[in-house]
>>> print(open('upload-v8.pdb').read())   # PDB, N, CA and C atoms and all ligand atoms
MODEL        1
ATOM      1  N   MET A 172     -49.419 -15.603  26.576
ATOM      2  CA  MET A 172     -49.568 -15.179  25.191
ATOM      3  C   MET A 172     -50.751 -14.233  25.051
ATOM      4  N   ASN A 173     -50.517 -13.205  24.304
ATOM      5  CA  ASN A 173     -51.576 -12.238  24.042
ATOM      6  C   ASN A 173     -52.318 -12.618  22.770
ATOM      7  N   LYS A 174     -53.510 -12.096  22.672
ATOM      8  CA  LYS A 174     -54.334 -12.316  21.481
ATOM      9  C   LYS A 174     -54.790 -10.962  20.978
ATOM     10  N   VAL A 175     -55.049 -10.893  19.678
ATOM     11  CA  VAL A 175     -55.564  -9.666  19.097
ATOM     12  C   VAL A 175     -56.601 -10.045  18.037
ATOM     13  N   ASN A 176     -57.663  -9.256  18.000
ATOM     14  CA  ASN A 176     -58.721  -9.477  17.021
ATOM     15  C   ASN A 176     -58.397  -8.654  15.783
ATOM     16  N   ILE A 177     -58.104  -9.348  14.688
ATOM     17  CA  ILE A 177     -57.823  -8.673  13.417
ATOM     18  C   ILE A 177     -59.016  -8.895  12.508
ATOM     19  N   LEU A 178     -59.893  -7.914  12.432
ATOM     20  CA  LEU A 178     -61.069  -7.967  11.563
ATOM     21  C   LEU A 178     -61.887  -9.244  11.773
ATOM     22  N   GLY A 179     -62.025  -9.651  13.031
ATOM     23  CA  GLY A 179     -62.846 -10.810  13.356
ATOM     24  C   GLY A 179     -62.072 -12.111  13.492
ATOM     25  N   THR A 180     -60.818 -12.118  13.163
ATOM     26  CA  THR A 180     -59.986 -13.310  13.310
ATOM     27  C   THR A 180     -59.010 -13.092  14.459
ATOM     28  N   ILE A 181     -58.974 -14.065  15.364
ATOM     29  CA  ILE A 181     -58.101 -13.941  16.530
ATOM     30  C   ILE A 181     -56.699 -14.433  16.186
ATOM     31  N   TYR A 182     -55.743 -13.563  16.375
ATOM     32  CA  TYR A 182     -54.331 -13.908  16.200
ATOM     33  C   TYR A 182     -53.680 -14.010  17.574
ATOM     34  N   THR A 183     -52.808 -14.990  17.701
ATOM     35  CA  THR A 183     -51.997 -15.125  18.907
ATOM     36  C   THR A 183     -50.685 -14.387  18.669
ATOM     37  N   ILE A 184     -50.279 -13.642  19.661
ATOM     38  CA  ILE A 184     -49.014 -12.908  19.575
ATOM     39  C   ILE A 184     -48.021 -13.610  20.483
ATOM     40  N   LYS A 185     -46.901 -13.997  19.922
ATOM     41  CA  LYS A 185     -45.901 -14.639  20.781
ATOM     42  C   LYS A 185     -44.508 -14.132  20.454
ATOM     43  N   LYS A 186     -43.641 -14.235  21.430
ATOM     44  CA  LYS A 186     -42.241 -13.862  21.241
ATOM     45  C   LYS A 186     -41.401 -15.124  21.158
ATOM     46  N   SER A 187     -40.376 -15.026  20.325
ATOM     47  CA  SER A 187     -39.463 -16.153  20.202
ATOM     48  C   SER A 187     -38.093 -15.598  19.823
ATOM     49  N   ASN A 188     -37.191 -16.478  19.432
ATOM     50  CA  ASN A 188     -35.872 -16.009  18.984
ATOM     51  C   ASN A 188     -35.358 -16.937  17.889
ATOM     52  N   ALA A 189     -34.267 -16.516  17.258
ATOM     53  CA  ALA A 189     -33.740 -17.236  16.098
ATOM     54  C   ALA A 189     -33.288 -18.657  16.444
ATOM     55  N   LYS A 190     -32.906 -18.871  17.699
ATOM     56  CA  LYS A 190     -32.492 -20.223  18.091
ATOM     57  C   LYS A 190     -33.672 -21.189  18.090
ATOM     58  N   LYS A 191     -34.825 -20.692  18.513
ATOM     59  CA  LYS A 191     -36.018 -21.547  18.587
ATOM     60  C   LYS A 191     -36.814 -21.553  17.287
ATOM     61  N   ASP A 192     -36.714 -20.453  16.513
ATOM     62  CA  ASP A 192     -37.558 -20.295  15.332
ATOM     63  C   ASP A 192     -36.697 -19.755  14.188
ATOM     64  N   SER A 193     -36.419 -20.601  13.205
ATOM     65  CA  SER A 193     -35.514 -20.204  12.115
ATOM     66  C   SER A 193     -36.081 -19.062  11.268
ATOM     67  N   ASN A 194     -37.380 -18.832  11.318
ATOM     68  CA  ASN A 194     -37.956 -17.695  10.580
ATOM     69  C   ASN A 194     -37.449 -16.363  11.121
ATOM     70  N   LEU A 195     -36.915 -16.388  12.326
ATOM     71  CA  LEU A 195     -36.427 -15.154  12.941
ATOM     72  C   LEU A 195     -34.930 -14.934  12.736
ATOM     73  N   VAL A 196     -34.320 -15.787  11.907
ATOM     74  CA  VAL A 196     -32.888 -15.600  11.620
ATOM     75  C   VAL A 196     -32.686 -14.332  10.797
ATOM     76  N   LYS A 197     -33.553 -14.125   9.798
ATOM     77  CA  LYS A 197     -33.394 -12.969   8.914
ATOM     78  C   LYS A 197     -34.508 -11.950   9.076
ATOM     79  N   ALA A 198     -35.344 -12.113  10.072
ATOM     80  CA  ALA A 198     -36.437 -11.160  10.291
ATOM     81  C   ALA A 198     -36.665 -11.015  11.791
ATOM     82  N   ASP A 199     -37.194  -9.885  12.186
ATOM     83  CA  ASP A 199     -37.482  -9.671  13.608
ATOM     84  C   ASP A 199     -38.962  -9.880  13.918
ATOM     85  N   GLY A 200     -39.702 -10.336  12.905
ATOM     86  CA  GLY A 200     -41.100 -10.653  13.126
ATOM     87  C   GLY A 200     -41.699 -11.227  11.864
ATOM     88  N   TYR A 201     -42.796 -11.943  12.020
ATOM     89  CA  TYR A 201     -43.529 -12.443  10.854
ATOM     90  C   TYR A 201     -44.918 -12.866  11.307
ATOM     91  N   ILE A 202     -45.825 -13.028  10.320
ATOM     92  CA  ILE A 202     -47.125 -13.589  10.667
ATOM     93  C   ILE A 202     -47.258 -14.929   9.963
ATOM     94  N   ASP A 203     -47.916 -15.834  10.632
ATOM     95  CA  ASP A 203     -48.255 -17.123  10.037
ATOM     96  C   ASP A 203     -49.766 -17.107   9.860
ATOM     97  N   THR A 204     -50.192 -16.964   8.610
ATOM     98  CA  THR A 204     -51.640 -16.850   8.356
ATOM     99  C   THR A 204     -52.343 -18.194   8.483
ATOM    100  N   THR A 205     -51.585 -19.297   8.491
ATOM    101  CA  THR A 205     -52.225 -20.607   8.635
ATOM    102  C   THR A 205     -52.565 -20.887  10.099
ATOM    103  N   THR A 206     -51.681 -20.476  10.994
ATOM    104  CA  THR A 206     -51.941 -20.701  12.426
ATOM    105  C   THR A 206     -52.469 -19.443  13.109
ATOM    106  N   LYS A 207     -52.591 -18.361  12.323
ATOM    107  CA  LYS A 207     -53.049 -17.064  12.852
ATOM    108  C   LYS A 207     -52.179 -16.639  14.050
ATOM    109  N   THR A 208     -50.905 -16.567  13.746
ATOM    110  CA  THR A 208     -49.941 -16.205  14.781
ATOM    111  C   THR A 208     -49.057 -15.053  14.301
ATOM    112  N   ILE A 209     -48.817 -14.115  15.186
ATOM    113  CA  ILE A 209     -47.836 -13.057  14.949
ATOM    114  C   ILE A 209     -46.656 -13.382  15.854
ATOM    115  N   VAL A 210     -45.509 -13.597  15.250
ATOM    116  CA  VAL A 210     -44.318 -13.954  16.016
ATOM    117  C   VAL A 210     -43.344 -12.774  15.980
ATOM    118  N   LEU A 211     -42.934 -12.347  17.161
ATOM    119  CA  LEU A 211     -42.022 -11.214  17.287
ATOM    120  C   LEU A 211     -40.735 -11.677  17.939
ATOM    121  N   ALA A 212     -39.617 -11.176  17.427
ATOM    122  CA  ALA A 212     -38.323 -11.531  18.011
ATOM    123  C   ALA A 212     -38.224 -10.942  19.416
ATOM    124  N   ASP A 213     -37.692 -11.751  20.309
ATOM    125  CA  ASP A 213     -37.437 -11.269  21.664
ATOM    126  C   ASP A 213     -36.161 -10.447  21.630
ATOM    127  N   LEU A 214     -36.306  -9.168  21.323
ATOM    128  CA  LEU A 214     -35.145  -8.305  21.079
ATOM    129  C   LEU A 214     -34.335  -8.031  22.336
ATOM    130  N   GLU A 215     -34.957  -8.188  23.480
ATOM    131  CA  GLU A 215     -34.228  -7.915  24.729
ATOM    132  C   GLU A 215     -33.044  -8.855  24.897
ATOM    133  N   SER A 216     -33.125 -10.028  24.246
ATOM    134  CA  SER A 216     -32.006 -10.963  24.362
ATOM    135  C   SER A 216     -30.839 -10.552  23.464
ATOM    136  N   ASP A 217     -31.097  -9.597  22.546
ATOM    137  CA  ASP A 217     -30.043  -9.079  21.668
ATOM    138  C   ASP A 217     -29.695  -7.645  22.037
ATOM    139  N   LYS A 218     -29.696  -7.357  23.304
ATOM    140  CA  LYS A 218     -29.499  -5.980  23.783
ATOM    141  C   LYS A 218     -28.258  -5.313  23.201
ATOM    142  N   ASN A 219     -27.215  -6.084  22.952
ATOM    143  CA  ASN A 219     -25.964  -5.483  22.501
ATOM    144  C   ASN A 219     -26.082  -4.765  21.158
ATOM    145  N   GLU A 220     -27.088  -5.118  20.367
ATOM    146  CA  GLU A 220     -27.253  -4.476  19.067
ATOM    147  C   GLU A 220     -27.885  -3.093  19.175
ATOM    148  N   TYR A 221     -28.401  -2.768  20.333
ATOM    149  CA  TYR A 221     -29.130  -1.508  20.478
ATOM    150  C   TYR A 221     -28.435  -0.626  21.513
ATOM    151  N   ASN A 222     -28.665   0.674  21.369
ATOM    152  CA  ASN A 222     -27.996   1.602  22.274
ATOM    153  C   ASN A 222     -28.678   1.708  23.622
ATOM    154  N   SER A 223     -29.959   1.478  23.646
ATOM    155  CA  SER A 223     -30.683   1.647  24.900
ATOM    156  C   SER A 223     -31.979   0.850  24.879
ATOM    157  N   LEU A 224     -32.560   0.708  26.046
ATOM    158  CA  LEU A 224     -33.855   0.024  26.129
ATOM    159  C   LEU A 224     -34.923   0.786  25.369
ATOM    160  N   ASP A 225     -34.834   2.143  25.385
ATOM    161  CA  ASP A 225     -35.803   2.946  24.632
ATOM    162  C   ASP A 225     -35.715   2.627  23.145
ATOM    163  N   ASN A 226     -34.501   2.488  22.638
ATOM    164  CA  ASN A 226     -34.327   2.151  21.222
ATOM    165  C   ASN A 226     -34.900   0.774  20.911
ATOM    166  N   ILE A 227     -34.688  -0.172  21.815
ATOM    167  CA  ILE A 227     -35.226  -1.520  21.615
ATOM    168  C   ILE A 227     -36.745  -1.450  21.540
ATOM    169  N   GLN A 228     -37.356  -0.719  22.479
ATOM    170  CA  GLN A 228     -38.820  -0.644  22.513
ATOM    171  C   GLN A 228     -39.367   0.052  21.272
ATOM    172  N   LEU A 229     -38.704   1.123  20.843
ATOM    173  CA  LEU A 229     -39.128   1.843  19.645
ATOM    174  C   LEU A 229     -39.072   0.933  18.425
ATOM    175  N   TYR A 230     -37.973   0.216  18.280
ATOM    176  CA  TYR A 230     -37.823  -0.691  17.141
ATOM    177  C   TYR A 230     -38.829  -1.846  17.243
ATOM    178  N   ALA A 231     -39.004  -2.397  18.433
ATOM    179  CA  ALA A 231     -39.951  -3.501  18.618
ATOM    180  C   ALA A 231     -41.370  -3.060  18.253
ATOM    181  N   ASP A 232     -41.730  -1.837  18.628
ATOM    182  CA  ASP A 232     -43.055  -1.317  18.284
ATOM    183  C   ASP A 232     -43.224  -1.197  16.772
ATOM    184  N   LYS A 233     -42.171  -0.758  16.094
ATOM    185  CA  LYS A 233     -42.235  -0.632  14.632
ATOM    186  C   LYS A 233     -42.422  -1.996  13.978
ATOM    187  N   VAL A 234     -41.689  -2.989  14.478
ATOM    188  CA  VAL A 234     -41.815  -4.346  13.934
ATOM    189  C   VAL A 234     -43.230  -4.869  14.184
ATOM    190  N   PHE A 235     -43.730  -4.646  15.384
ATOM    191  CA  PHE A 235     -45.064  -5.126  15.745
ATOM    192  C   PHE A 235     -46.126  -4.467  14.852
ATOM    193  N   ARG A 236     -46.019  -3.158  14.672
ATOM    194  CA  ARG A 236     -46.991  -2.457  13.821
ATOM    195  C   ARG A 236     -46.921  -2.994  12.390
ATOM    196  N   HIS A 237     -45.723  -3.230  11.893
ATOM    197  CA  HIS A 237     -45.522  -3.777  10.554
ATOM    198  C   HIS A 237     -46.230  -5.130  10.424
ATOM    199  N   GLU A 238     -46.050  -5.995  11.405
ATOM    200  CA  GLU A 238     -46.671  -7.328  11.333
ATOM    201  C   GLU A 238     -48.195  -7.240  11.450
ATOM    202  N   LEU A 239     -48.676  -6.295  12.250
ATOM    203  CA  LEU A 239     -50.130  -6.107  12.354
ATOM    204  C   LEU A 239     -50.713  -5.665  11.011
ATOM    205  N   ILE A 240     -49.997  -4.804  10.293
ATOM    206  CA  ILE A 240     -50.473  -4.366   8.974
ATOM    207  C   ILE A 240     -50.549  -5.553   8.021
ATOM    208  N   HIS A 241     -49.529  -6.432   8.060
ATOM    209  CA  HIS A 241     -49.594  -7.663   7.252
ATOM    210  C   HIS A 241     -50.895  -8.409   7.553
ATOM    211  N   ALA A 242     -51.179  -8.574   8.827
ATOM    212  CA  ALA A 242     -52.356  -9.343   9.230
ATOM    213  C   ALA A 242     -53.647  -8.650   8.779
ATOM    214  N   PHE A 243     -53.725  -7.333   8.948
ATOM    215  CA  PHE A 243     -54.923  -6.610   8.520
ATOM    216  C   PHE A 243     -55.148  -6.762   7.017
ATOM    217  N   LEU A 244     -54.104  -6.620   6.228
ATOM    218  CA  LEU A 244     -54.258  -6.761   4.772
ATOM    219  C   LEU A 244     -54.677  -8.189   4.420
ATOM    220  N   PHE A 245     -54.052  -9.180   5.051
ATOM    221  CA  PHE A 245     -54.403 -10.571   4.757
ATOM    222  C   PHE A 245     -55.858 -10.844   5.112
ATOM    223  N   GLU A 246     -56.273 -10.401   6.289
ATOM    224  CA  GLU A 246     -57.650 -10.672   6.730
ATOM    225  C   GLU A 246     -58.676  -9.820   5.977
ATOM    226  N   SER A 247     -58.203  -8.826   5.243
ATOM    227  CA  SER A 247     -59.089  -8.043   4.378
ATOM    228  C   SER A 247     -59.287  -8.714   3.025
ATOM    229  N   GLY A 248     -58.622  -9.834   2.815
ATOM    230  CA  GLY A 248     -58.671 -10.479   1.513
ATOM    231  C   GLY A 248     -57.704  -9.851   0.535
ATOM    232  N   LEU A 249     -56.759  -9.086   1.058
ATOM    233  CA  LEU A 249     -55.784  -8.399   0.221
ATOM    234  C   LEU A 249     -54.389  -8.982   0.415
ATOM    235  N   ALA A 250     -54.323 -10.312   0.362
ATOM    236  CA  ALA A 250     -53.035 -10.979   0.573
ATOM    237  C   ALA A 250     -51.997 -10.488  -0.430
ATOM    238  N   CYS A 251     -52.455 -10.122  -1.643
ATOM    239  CA  CYS A 251     -51.500  -9.645  -2.653
ATOM    240  C   CYS A 251     -50.780  -8.393  -2.150
ATOM    241  N   TYR A 252     -51.499  -7.503  -1.479
ATOM    242  CA  TYR A 252     -50.854  -6.312  -0.923
ATOM    243  C   TYR A 252     -50.129  -6.662   0.380
ATOM    244  N   GLY A 253     -50.692  -7.597   1.111
ATOM    245  CA  GLY A 253     -50.087  -7.994   2.384
ATOM    246  C   GLY A 253     -48.725  -8.633   2.216
ATOM    247  N   ASN A 254     -48.456  -9.124   1.011
ATOM    248  CA  ASN A 254     -47.140  -9.709   0.739
ATOM    249  C   ASN A 254     -46.182  -8.702   0.128
ATOM    250  N   ASP A 255     -46.664  -7.473  -0.049
ATOM    251  CA  ASP A 255     -45.836  -6.421  -0.642
ATOM    252  C   ASP A 255     -45.206  -5.606   0.495
ATOM    253  N   GLU A 256     -43.924  -5.859   0.737
ATOM    254  CA  GLU A 256     -43.263  -5.210   1.881
ATOM    255  C   GLU A 256     -43.271  -3.680   1.777
ATOM    256  N   LYS A 257     -43.237  -3.142   0.548
ATOM    257  CA  LYS A 257     -43.237  -1.688   0.397
ATOM    258  C   LYS A 257     -44.559  -1.093   0.870
ATOM    259  N   ILE A 258     -45.645  -1.709   0.494
ATOM    260  CA  ILE A 258     -46.955  -1.193   0.911
ATOM    261  C   ILE A 258     -47.126  -1.344   2.421
ATOM    262  N   VAL A 259     -46.757  -2.515   2.930
ATOM    263  CA  VAL A 259     -46.878  -2.758   4.375
ATOM    264  C   VAL A 259     -46.034  -1.743   5.153
ATOM    265  N   ASP A 260     -44.814  -1.544   4.700
ATOM    266  CA  ASP A 260     -43.940  -0.587   5.374
ATOM    267  C   ASP A 260     -44.483   0.837   5.273
ATOM    268  N   TRP A 261     -45.009   1.199   4.122
ATOM    269  CA  TRP A 261     -45.540   2.554   3.955
ATOM    270  C   TRP A 261     -46.656   2.798   4.972
ATOM    271  N   ILE A 262     -47.590   1.871   5.059
ATOM    272  CA  ILE A 262     -48.701   2.045   6.003
ATOM    273  C   ILE A 262     -48.172   2.083   7.434
ATOM    274  N   ALA A 263     -47.285   1.138   7.762
ATOM    275  CA  ALA A 263     -46.767   1.052   9.135
ATOM    276  C   ALA A 263     -46.002   2.307   9.532
ATOM    277  N   VAL A 264     -45.200   2.833   8.623
ATOM    278  CA  VAL A 264     -44.385   4.011   8.933
ATOM    279  C   VAL A 264     -45.227   5.281   8.936
ATOM    280  N   GLN A 265     -46.154   5.379   8.001
ATOM    281  CA  GLN A 265     -46.931   6.615   7.872
ATOM    282  C   GLN A 265     -48.126   6.672   8.813
ATOM    283  N   TYR A 266     -48.529   5.540   9.363
ATOM    284  CA  TYR A 266     -49.736   5.517  10.201
ATOM    285  C   TYR A 266     -49.754   6.609  11.287
ATOM    286  N   PRO A 267     -48.676   6.793  12.048
ATOM    287  CA  PRO A 267     -48.738   7.834  13.093
ATOM    288  C   PRO A 267     -49.013   9.219  12.514
ATOM    289  N   LYS A 268     -48.475   9.493  11.325
ATOM    290  CA  LYS A 268     -48.708  10.801  10.699
ATOM    291  C   LYS A 268     -50.147  10.913  10.211
ATOM    292  N   LEU A 269     -50.662   9.842   9.649
ATOM    293  CA  LEU A 269     -52.063   9.830   9.219
ATOM    294  C   LEU A 269     -52.973  10.049  10.424
ATOM    295  N   LYS A 270     -52.689   9.317  11.496
ATOM    296  CA  LYS A 270     -53.503   9.409  12.715
ATOM    297  C   LYS A 270     -53.508  10.837  13.247
ATOM    298  N   GLU A 271     -52.342  11.461  13.271
ATOM    299  CA  GLU A 271     -52.240  12.830  13.787
ATOM    300  C   GLU A 271     -53.099  13.793  12.963
ATOM    301  N   VAL A 272     -53.053  13.657  11.650
ATOM    302  CA  VAL A 272     -53.852  14.542  10.780
ATOM    303  C   VAL A 272     -55.334  14.268  10.980
ATOM    304  N   PHE A 273     -55.719  12.993  11.026
ATOM    305  CA  PHE A 273     -57.133  12.649  11.209
ATOM    306  C   PHE A 273     -57.655  13.226  12.523
ATOM    307  N   GLU A 274     -56.846  13.087  13.589
ATOM    308  CA  GLU A 274     -57.277  13.598  14.896
ATOM    309  C   GLU A 274     -57.354  15.124  14.894
ATOM    310  N   ARG A 275     -56.369  15.774  14.294
ATOM    311  CA  ARG A 275     -56.358  17.231  14.276
ATOM    312  C   ARG A 275     -57.559  17.765  13.505
ATOM    313  N   LEU A 276     -57.924  17.084  12.451
ATOM    314  CA  LEU A 276     -59.057  17.536  11.616
ATOM    315  C   LEU A 276     -60.386  16.930  12.061
ATOM    316  N   LYS A 277     -60.323  16.126  13.153
ATOM    317  CA  LYS A 277     -61.510  15.477  13.715
ATOM    318  C   LYS A 277     -62.251  14.626  12.669
ATOM    319  N   VAL A 278     -61.492  13.885  11.895
ATOM    320  CA  VAL A 278     -62.090  12.934  10.946
ATOM    321  C   VAL A 278     -61.607  11.515  11.245
ATOM    322  N   GLU A 279     -61.330  11.261  12.542
ATOM    323  CA  GLU A 279     -60.763   9.964  12.902
ATOM    324  C   GLU A 279     -61.793   8.833  12.959
ATOM    325  N   LYS A 280     -63.095   9.156  12.940
ATOM    326  CA  LYS A 280     -64.099   8.081  13.001
ATOM    327  C   LYS A 280     -64.902   8.007  11.734
TER     328      LYS A 280
HETATM  329 ZN    ZN B   1     -43.067  -7.626   6.313
ENDMDL
END
>>> encode(input="upload-v8.pdb", output="structure tokens", more="lines below")
Ligand SMILES: [Zn+2]
Amino acid sequence: MNKVNILGTIYTIKKSNAKKDSNLVKADGYIDTTTKTIVLADLESDKNEYNSLDNIQLYADKVFRHELIHAFLFESGLACYGNDEKIVDWIAVQYPKLKEVFERLKVEK
């Protein structure tokens, strides 16, 4: 199991599947703020839904980034925003574009 430091709080990252974890029946990832765990669906076991391994990895990365944003907002004391899927998705989807602009303009730090 991997760990990640989210603003000073250590989260455990683990993979599971819908058979073992019912929270993954309708979602491919979630965070548990009580146990400080990020749970990601083991998408490789559902290979038939995807066209290629590259697609699986791309989608898995998007899910992971989305769940990390939830955790960052929660650990910032912004649980109200962290529970807003639109805001979480906006940050997760737009982050690469924001990063590119910050780096190009050298305002990344
Ligand atoms: Zn979400």
>>> closest_residue(input="upload-v8.pdb", among="A:Asn194, A:Gln228, A:Ser187, A:Thr204", to="A:Ala242", atoms="only C-alpha atoms")
A:Thr204
>>> atom_distance(input="upload-v8.pdb", atom1="atom CA of A:Lys270", atom2="atom CA of A:Asp213")
27.7 Å
>>> residues_near_ligand(input="upload-v8.pdb", ligand="ligand ZN 1 (chain B)", cutoff="8 Å", atoms="all atoms listed in the file", output="PyMOL selection string")
chain A and resi 200-202+237-238+240-241+253-257+259-260
>>> resolve_selection(input="upload-v8.pdb", expression="the PyMOL selection byres (((chain A and resi 184) around 5) and not hetatm)", output="ChimeraX atom specification")
/A:173-174,182-183,185-186,209
>>> write_last_selection(input="upload-v8.pdb", atoms="N, CA and C atoms", output="PDB file, in the coordinates of the input")
ATOM      1  N   ASN A 173     -50.517 -13.205  24.304  1.00  0.00           N
ATOM      2  CA  ASN A 173     -51.576 -12.238  24.042  1.00  0.00           C
ATOM      3  C   ASN A 173     -52.318 -12.618  22.770  1.00  0.00           C
ATOM      4  N   LYS A 174     -53.510 -12.096  22.672  1.00  0.00           N
ATOM      5  CA  LYS A 174     -54.334 -12.316  21.481  1.00  0.00           C
ATOM      6  C   LYS A 174     -54.790 -10.962  20.978  1.00  0.00           C
ATOM      7  N   TYR A 182     -55.743 -13.563  16.375  1.00  0.00           N
ATOM      8  CA  TYR A 182     -54.331 -13.908  16.200  1.00  0.00           C
ATOM      9  C   TYR A 182     -53.680 -14.010  17.574  1.00  0.00           C
ATOM     10  N   THR A 183     -52.808 -14.990  17.701  1.00  0.00           N
ATOM     11  CA  THR A 183     -51.997 -15.125  18.907  1.00  0.00           C
ATOM     12  C   THR A 183     -50.685 -14.387  18.669  1.00  0.00           C
ATOM     13  N   LYS A 185     -46.901 -13.997  19.922  1.00  0.00           N
ATOM     14  CA  LYS A 185     -45.901 -14.639  20.781  1.00  0.00           C
ATOM     15  C   LYS A 185     -44.508 -14.132  20.454  1.00  0.00           C
ATOM     16  N   LYS A 186     -43.641 -14.235  21.430  1.00  0.00           N
ATOM     17  CA  LYS A 186     -42.241 -13.862  21.241  1.00  0.00           C
ATOM     18  C   LYS A 186     -41.401 -15.124  21.158  1.00  0.00           C
ATOM     19  N   ILE A 209     -48.817 -14.115  15.186  1.00  0.00           N
ATOM     20  CA  ILE A 209     -47.836 -13.057  14.949  1.00  0.00           C
ATOM     21  C   ILE A 209     -46.656 -13.382  15.854  1.00  0.00           C
TER      22      ILE A 209
END
>>> select_by_dssp(input="upload-v8.pdb", residues="stretch 193-250 of chain A", states="strand (DSSP E or B)", output="PyMOL selection string")
chain A and resi 200-203+208-212
>>> atom_distance(input="upload-v8.pdb", atom1="atom CA of A:Tyr266", atom2="atom N of A:Thr180")
21.0 Å
>>> select_by_dssp(input="upload-v8.pdb", residues="chain A", states="alpha helix (DSSP H)", output="PyMOL selection string")
chain A and resi 224-246+250-253+256-275
>>> closest_residue(input="upload-v8.pdb", among="A:Asp199, A:Val272, A:Ala250, A:Ile262", to="A:Ala231", atoms="only N, CA and C atoms")
A:Asp199
>>> closest_residue(input="upload-v8.pdb", among="A:Val234, A:Tyr252, A:Ile227, A:Ile181", to="A:Thr206", atoms="only N, CA and C atoms")
A:Ile181
>>> residues_around(input="upload-v8.pdb", residues="A:Ile177", least_positions_apart="6", cutoff="8 Å", atoms="all atoms listed in the file", output="VMD selection string")
chain A and resid 242 to 243 246 to 247
